[in-house]
$ cat entry37.cif   # mmCIF, C-alpha atoms, pLDDT in the B column; chains and numbers go by the auth columns
data_structure
loop_
_atom_site.group_PDB
_atom_site.id
_atom_site.type_symbol
_atom_site.label_atom_id
_atom_site.label_comp_id
_atom_site.label_asym_id
_atom_site.label_seq_id
_atom_site.Cartn_x
_atom_site.Cartn_y
_atom_site.Cartn_z
_atom_site.B_iso_or_equiv
_atom_site.auth_seq_id
_atom_site.auth_asym_id
ATOM 1 C CA MET A 1 129.570 -8.041 -132.039 52.00 1 A
ATOM 2 C CA VAL A 2 129.055 -4.376 -132.947 55.00 2 A
ATOM 3 C CA LYS A 3 125.824 -5.232 -134.747 61.00 3 A
ATOM 4 C CA PHE A 4 124.450 -6.936 -131.620 57.00 4 A
ATOM 5 C CA ALA A 5 125.355 -3.936 -129.445 62.00 5 A
ATOM 6 C CA ALA A 6 123.610 -1.556 -131.854 59.00 6 A
ATOM 7 C CA LEU A 7 120.521 -3.781 -131.908 57.00 7 A
ATOM 8 C CA ARG A 8 120.475 -3.963 -128.106 64.00 8 A
ATOM 9 C CA HIS A 9 120.782 -0.152 -127.857 62.00 9 A
ATOM 10 C CA TYR A 10 117.920 0.255 -130.341 62.00 10 A
ATOM 11 C CA ALA A 11 115.722 -2.148 -128.343 66.00 11 A
ATOM 12 C CA GLN A 12 116.485 -0.314 -125.099 69.00 12 A
ATOM 13 C CA MET A 13 115.626 3.069 -126.589 75.00 13 A
ATOM 14 C CA GLU A 14 112.437 1.642 -128.100 82.00 14 A
ATOM 15 C CA LEU A 15 111.476 0.420 -124.616 84.00 15 A
ATOM 16 C CA VAL A 16 112.194 3.882 -123.186 83.00 16 A
ATOM 17 C CA HIS A 17 110.011 5.603 -125.795 85.00 17 A
ATOM 18 C CA THR A 18 107.198 3.086 -125.326 88.00 18 A
ATOM 19 C CA TYR A 19 107.353 3.648 -121.542 87.00 19 A
ATOM 20 C CA GLU A 20 107.203 7.419 -122.110 86.00 20 A
ATOM 21 C CA GLN A 21 104.154 7.032 -124.375 87.00 21 A
ATOM 22 C CA VAL A 22 102.325 4.929 -121.773 87.00 22 A
ATOM 23 C CA ILE A 23 103.152 7.413 -119.001 84.00 23 A
ATOM 24 C CA GLY A 24 102.057 10.293 -121.241 84.00 24 A
ATOM 25 C CA TRP A 25 98.747 8.560 -121.892 86.00 25 A
ATOM 26 C CA ILE A 26 98.182 7.980 -118.162 83.00 26 A
ATOM 27 C CA VAL A 27 99.057 11.578 -117.261 81.00 27 A
ATOM 28 C CA GLY A 28 96.888 12.829 -120.132 83.00 28 A
ATOM 29 C CA HIS A 29 93.878 11.065 -118.644 81.00 29 A
ATOM 30 C CA CYS A 30 94.411 12.479 -115.154 79.00 30 A
ATOM 31 C CA PRO A 31 92.134 15.386 -114.276 78.00 31 A
ATOM 32 C CA GLN A 32 94.919 17.300 -112.521 75.00 32 A
ATOM 33 C CA PRO A 33 98.578 18.090 -113.270 71.00 33 A
ATOM 34 C CA ASP A 34 101.126 15.250 -113.422 72.00 34 A
ATOM 35 C CA LYS A 35 102.226 15.876 -109.837 79.00 35 A
ATOM 36 C CA PHE A 36 99.021 14.166 -108.729 81.00 36 A
ATOM 37 C CA ALA A 37 99.733 11.215 -111.024 82.00 37 A
ATOM 38 C CA HIS A 38 103.210 10.895 -109.431 82.00 38 A
ATOM 39 C CA THR A 39 101.670 11.007 -105.966 86.00 39 A
ATOM 40 C CA TYR A 40 99.043 8.381 -106.765 85.00 40 A
ATOM 41 C CA ALA A 41 101.625 6.135 -108.457 87.00 41 A
ATOM 42 C CA GLY A 42 103.847 6.376 -105.377 89.00 42 A
ATOM 43 C CA LEU A 43 100.946 5.497 -103.097 92.00 43 A
ATOM 44 C CA VAL A 44 99.980 2.506 -105.258 92.00 44 A
ATOM 45 C CA ILE A 45 103.584 1.240 -105.291 93.00 45 A
ATOM 46 C CA TRP A 46 103.840 1.694 -101.526 94.00 46 A
ATOM 47 C CA LEU A 47 100.524 -0.100 -100.920 94.00 47 A
ATOM 48 C CA LEU A 48 101.442 -3.028 -103.186 94.00 48 A
ATOM 49 C CA ALA A 49 104.854 -3.315 -101.522 94.00 49 A
ATOM 50 C CA MET A 50 103.180 -3.290 -98.077 94.00 50 A
ATOM 51 C CA ILE A 51 100.895 -6.136 -99.195 94.00 51 A
ATOM 52 C CA VAL A 52 103.864 -8.144 -100.488 94.00 52 A
ATOM 53 C CA VAL A 53 106.109 -7.515 -97.458 92.00 53 A
ATOM 54 C CA ARG A 54 103.348 -7.957 -94.818 90.00 54 A
ATOM 55 C CA ARG A 55 105.380 -6.258 -92.092 86.00 55 A
ATOM 56 C CA PRO A 56 103.749 -3.125 -90.690 80.00 56 A
ATOM 57 C CA ARG A 57 106.964 -1.400 -89.575 86.00 57 A
ATOM 58 C CA SER A 58 109.172 -2.345 -92.523 89.00 58 A
ATOM 59 C CA MET A 59 111.025 0.302 -94.525 93.00 59 A
ATOM 60 C CA LEU A 60 111.108 -1.928 -97.637 93.00 60 A
ATOM 61 C CA PRO A 61 107.909 -0.451 -99.171 93.00 61 A
ATOM 62 C CA LEU A 62 109.324 3.062 -98.893 93.00 62 A
ATOM 63 C CA GLY A 63 112.569 1.806 -100.417 94.00 63 A
ATOM 64 C CA ALA A 64 110.581 0.330 -103.312 94.00 64 A
ATOM 65 C CA VAL A 65 108.920 3.698 -103.942 94.00 65 A
ATOM 66 C CA VAL A 66 112.265 5.516 -103.888 94.00 66 A
ATOM 67 C CA LEU A 67 113.935 2.928 -106.142 95.00 67 A
ATOM 68 C CA LEU A 68 111.127 2.934 -108.715 93.00 68 A
ATOM 69 C CA GLU A 69 110.940 6.741 -108.731 90.00 69 A
ATOM 70 C CA LEU A 70 114.693 6.886 -109.310 92.00 70 A
ATOM 71 C CA ALA A 71 114.268 4.428 -112.201 90.00 71 A
ATOM 72 C CA ASN A 72 111.463 6.610 -113.588 87.00 72 A
ATOM 73 C CA GLU A 73 113.693 9.687 -113.489 85.00 73 A
ATOM 74 C CA CYS A 74 116.489 7.775 -115.252 87.00 74 A
ATOM 75 C CA VAL A 75 114.081 6.720 -118.003 86.00 75 A
ATOM 76 C CA ASP A 76 112.942 10.350 -118.314 83.00 76 A
ATOM 77 C CA ARG A 77 116.614 11.341 -118.672 84.00 77 A
ATOM 78 C CA LEU A 78 117.134 8.793 -121.434 83.00 78 A
ATOM 79 C CA ALA A 79 113.956 9.823 -123.231 81.00 79 A
ATOM 80 C CA HIS A 80 114.492 13.597 -123.076 78.00 80 A
ATOM 81 C CA GLY A 81 118.283 13.811 -123.079 77.00 81 A
ATOM 82 C CA SER A 82 118.327 16.109 -120.068 71.00 82 A
ATOM 83 C CA TRP A 83 117.610 16.012 -116.351 66.00 83 A
ATOM 84 C CA CYS A 84 115.547 19.166 -116.705 67.00 84 A
ATOM 85 C CA GLY A 85 112.255 19.384 -118.538 61.00 85 A
ATOM 86 C CA PRO A 86 111.450 22.072 -121.079 61.00 86 A
ATOM 87 C CA THR A 87 111.448 25.623 -119.797 63.00 87 A
ATOM 88 C CA PRO A 88 108.324 27.766 -120.223 65.00 88 A
ATOM 89 C CA SER A 89 109.958 29.558 -123.155 65.00 89 A
ATOM 90 C CA GLU A 90 110.468 26.206 -124.944 61.00 90 A
ATOM 91 C CA THR A 91 106.861 25.060 -124.620 56.00 91 A
#
$ encode --input "entry37.cif" --output "structure tokens"
Amino acid sequence: MVKFAALRHYAQMELVHTYEQVIGWIVGHCPQPDKFAHTYAGLVIWLLAMIVVRRPRSMLPLGAVVLLELANECVDRLAHGSWCGPTPSET
């Protein structure tokens, strides 16, 4: 049982690091700082959710953006071990 739990933890952390690498690649190919990448990602998520929901006054697309951004921040926390990014003195 312990072996399975350790394997599952390893697989989860591998997924987190792979996600971070993909996000890093995307942000690295953006012409502006990562704040623009976050904005564009939020707009794409909102637009796709609006297409799926097909209700013009629904709050579900906004909820999808908030939920996925919260998940992104949680993955960042797992990947970096802290809620805060590196300070200017650490870079």
$ closest_residue --input "entry37.cif" --among "A:His29, A:Arg55, A:His38, A:His17" --to "A:Glu69" --atoms "only C-alpha atoms"
A:His38
$ atom_distance --input "entry37.cif" --atom1 "atom CA of A:Gly81" --atom2 "atom CA of A:Val16"
11.6 Å
$ resolve_selection --input "entry37.cif" --expression "the PyMOL selection byres ((chain A and resi 63-65) around 9)" --output "list in words"
Ala41, Gly42, Leu43, Ile45, Trp46, Ala49, Met59, Leu60, Pro61, Leu62, Val66, Leu67, Leu68, Glu69 and Leu70 of chain A
$ atom_distance --input "entry37.cif" --atom1 "atom CA of A:Phe36" --atom2 "atom CA of A:Gly24"
13.4 Å
$ decode --input "entry37.cif" --residues "stretch 30-41 of chain A" --atoms "all heavy atoms" --output "PDB file, in the first residue's frame"
ATOM      1  N   CYS A  30       5.805  34.218 -25.703  1.00  0.00           N
ATOM      2  CA  CYS A  30       4.966  35.424 -25.746  1.00  0.00           C
ATOM      3  C   CYS A  30       5.861  36.647 -25.862  1.00  0.00           C
ATOM      4  O   CYS A  30       6.908  36.717 -25.219  1.00  0.00           O
ATOM      5  CB  CYS A  30       4.118  35.538 -24.482  1.00  0.00           C
ATOM      6  SG  CYS A  30       2.803  34.338 -24.388  1.00  0.00           S
ATOM      7  N   PRO A  31       5.457  37.623 -26.663  1.00  0.00           N
ATOM      8  CA  PRO A  31       6.308  38.801 -26.843  1.00  0.00           C
ATOM      9  C   PRO A  31       6.330  39.734 -25.630  1.00  0.00           C
ATOM     10  O   PRO A  31       7.216  40.562 -25.514  1.00  0.00           O
ATOM     11  CB  PRO A  31       5.692  39.501 -28.056  1.00  0.00           C
ATOM     12  CG  PRO A  31       4.274  39.060 -28.061  1.00  0.00           C
ATOM     13  CD  PRO A  31       4.265  37.684 -27.486  1.00  0.00           C
ATOM     14  N   GLN A  32       5.388  39.606 -24.740  1.00  0.00           N
ATOM     15  CA  GLN A  32       5.287  40.491 -23.588  1.00  0.00           C
ATOM     16  C   GLN A  32       5.420  39.680 -22.297  1.00  0.00           C
ATOM     17  O   GLN A  32       5.498  38.460 -22.336  1.00  0.00           O
ATOM     18  CB  GLN A  32       3.939  41.225 -23.622  1.00  0.00           C
ATOM     19  CG  GLN A  32       3.749  42.099 -24.830  1.00  0.00           C
ATOM     20  CD  GLN A  32       4.729  43.257 -24.883  1.00  0.00           C
ATOM     21  OE1 GLN A  32       5.094  43.813 -23.868  1.00  0.00           O
ATOM     22  NE2 GLN A  32       5.178  43.605 -26.072  1.00  0.00           N
ATOM     23  N   PRO A  33       5.421  40.344 -21.149  1.00  0.00           N
ATOM     24  CA  PRO A  33       5.512  39.625 -19.877  1.00  0.00           C
ATOM     25  C   PRO A  33       4.369  38.621 -19.688  1.00  0.00           C
ATOM     26  O   PRO A  33       3.358  38.662 -20.389  1.00  0.00           O
ATOM     27  CB  PRO A  33       5.414  40.732 -18.831  1.00  0.00           C
ATOM     28  CG  PRO A  33       5.796  41.979 -19.529  1.00  0.00           C
ATOM     29  CD  PRO A  33       5.402  41.791 -20.961  1.00  0.00           C
ATOM     30  N   ASP A  34       4.521  37.722 -18.710  1.00  0.00           N
ATOM     31  CA  ASP A  34       3.555  36.643 -18.514  1.00  0.00           C
ATOM     32  C   ASP A  34       2.172  37.126 -18.099  1.00  0.00           C
ATOM     33  O   ASP A  34       1.214  36.392 -18.202  1.00  0.00           O
ATOM     34  CB  ASP A  34       4.082  35.623 -17.515  1.00  0.00           C
ATOM     35  CG  ASP A  34       4.192  36.171 -16.111  1.00  0.00           C
ATOM     36  OD1 ASP A  34       4.293  37.399 -15.949  1.00  0.00           O
ATOM     37  OD2 ASP A  34       4.181  35.355 -15.172  1.00  0.00           O
ATOM     38  N   LYS A  35       2.046  38.358 -17.669  1.00  0.00           N
ATOM     39  CA  LYS A  35       0.723  38.884 -17.325  1.00  0.00           C
ATOM     40  C   LYS A  35      -0.185  38.899 -18.555  1.00  0.00           C
ATOM     41  O   LYS A  35      -1.376  38.656 -18.459  1.00  0.00           O
ATOM     42  CB  LYS A  35       0.841  40.270 -16.717  1.00  0.00           C
ATOM     43  CG  LYS A  35       1.506  40.256 -15.355  1.00  0.00           C
ATOM     44  CD  LYS A  35       1.557  41.622 -14.771  1.00  0.00           C
ATOM     45  CE  LYS A  35       2.266  41.722 -13.462  1.00  0.00           C
ATOM     46  NZ  LYS A  35       2.763  40.581 -12.812  1.00  0.00           N
ATOM     47  N   PHE A  36       0.392  39.157 -19.724  1.00  0.00           N
ATOM     48  CA  PHE A  36      -0.388  39.125 -20.949  1.00  0.00           C
ATOM     49  C   PHE A  36      -0.802  37.694 -21.288  1.00  0.00           C
ATOM     50  O   PHE A  36      -1.916  37.462 -21.758  1.00  0.00           O
ATOM     51  CB  PHE A  36       0.392  39.734 -22.118  1.00  0.00           C
ATOM     52  CG  PHE A  36       0.534  41.222 -22.007  1.00  0.00           C
ATOM     53  CD1 PHE A  36       1.751  41.790 -21.673  1.00  0.00           C
ATOM     54  CD2 PHE A  36      -0.545  42.055 -22.225  1.00  0.00           C
ATOM     55  CE1 PHE A  36       1.877  43.160 -21.553  1.00  0.00           C
ATOM     56  CE2 PHE A  36      -0.427  43.433 -22.117  1.00  0.00           C
ATOM     57  CZ  PHE A  36       0.795  43.980 -21.774  1.00  0.00           C
ATOM     58  N   ALA A  37       0.085  36.743 -21.055  1.00  0.00           N
ATOM     59  CA  ALA A  37      -0.252  35.338 -21.303  1.00  0.00           C
ATOM     60  C   ALA A  37      -1.402  34.912 -20.400  1.00  0.00           C
ATOM     61  O   ALA A  37      -2.319  34.208 -20.839  1.00  0.00           O
ATOM     62  CB  ALA A  37       0.970  34.447 -21.077  1.00  0.00           C
ATOM     63  N   HIS A  38      -1.389  35.345 -19.124  1.00  0.00           N
ATOM     64  CA  HIS A  38      -2.490  35.030 -18.200  1.00  0.00           C
ATOM     65  C   HIS A  38      -3.793  35.644 -18.694  1.00  0.00           C
ATOM     66  O   HIS A  38      -4.847  35.003 -18.654  1.00  0.00           O
ATOM     67  CB  HIS A  38      -2.174  35.554 -16.803  1.00  0.00           C
ATOM     68  CG  HIS A  38      -1.309  34.658 -16.007  1.00  0.00           C
ATOM     69  ND1 HIS A  38      -1.593  34.304 -14.716  1.00  0.00           N
ATOM     70  CD2 HIS A  38      -0.168  34.023 -16.310  1.00  0.00           C
ATOM     71  CE1 HIS A  38      -0.664  33.501 -14.264  1.00  0.00           C
ATOM     72  NE2 HIS A  38       0.219  33.317 -15.223  1.00  0.00           N
ATOM     73  N   THR A  39      -3.721  36.873 -19.166  1.00  0.00           N
ATOM     74  CA  THR A  39      -4.916  37.557 -19.657  1.00  0.00           C
ATOM     75  C   THR A  39      -5.484  36.846 -20.878  1.00  0.00           C
ATOM     76  O   THR A  39      -6.691  36.588 -20.954  1.00  0.00           O
ATOM     77  CB  THR A  39      -4.603  39.017 -20.001  1.00  0.00           C
ATOM     78  OG1 THR A  39      -4.087  39.660 -18.840  1.00  0.00           O
ATOM     79  CG2 THR A  39      -5.836  39.752 -20.480  1.00  0.00           C
ATOM     80  N   TYR A  40      -4.628  36.513 -21.823  1.00  0.00           N
ATOM     81  CA  TYR A  40      -5.090  35.830 -23.037  1.00  0.00           C
ATOM     82  C   TYR A  40      -5.633  34.447 -22.714  1.00  0.00           C
ATOM     83  O   TYR A  40      -6.641  34.025 -23.290  1.00  0.00           O
ATOM     84  CB  TYR A  40      -3.976  35.730 -24.065  1.00  0.00           C
ATOM     85  CG  TYR A  40      -3.546  37.071 -24.618  1.00  0.00           C
ATOM     86  CD1 TYR A  40      -2.231  37.314 -24.967  1.00  0.00           C
ATOM     87  CD2 TYR A  40      -4.454  38.104 -24.776  1.00  0.00           C
ATOM     88  CE1 TYR A  40      -1.827  38.536 -25.470  1.00  0.00           C
ATOM     89  CE2 TYR A  40      -4.066  39.333 -25.276  1.00  0.00           C
ATOM     90  CZ  TYR A  40      -2.756  39.546 -25.621  1.00  0.00           C
ATOM     91  OH  TYR A  40      -2.361  40.757 -26.109  1.00  0.00           O
ATOM     92  N   ALA A  41      -4.986  33.727 -21.796  1.00  0.00           N
ATOM     93  CA  ALA A  41      -5.481  32.402 -21.404  1.00  0.00           C
ATOM     94  C   ALA A  41      -6.862  32.524 -20.769  1.00  0.00           C
ATOM     95  O   ALA A  41      -7.764  31.727 -21.061  1.00  0.00           O
ATOM     96  CB  ALA A  41      -4.506  31.735 -20.442  1.00  0.00           C
TER      97      ALA A  41
END
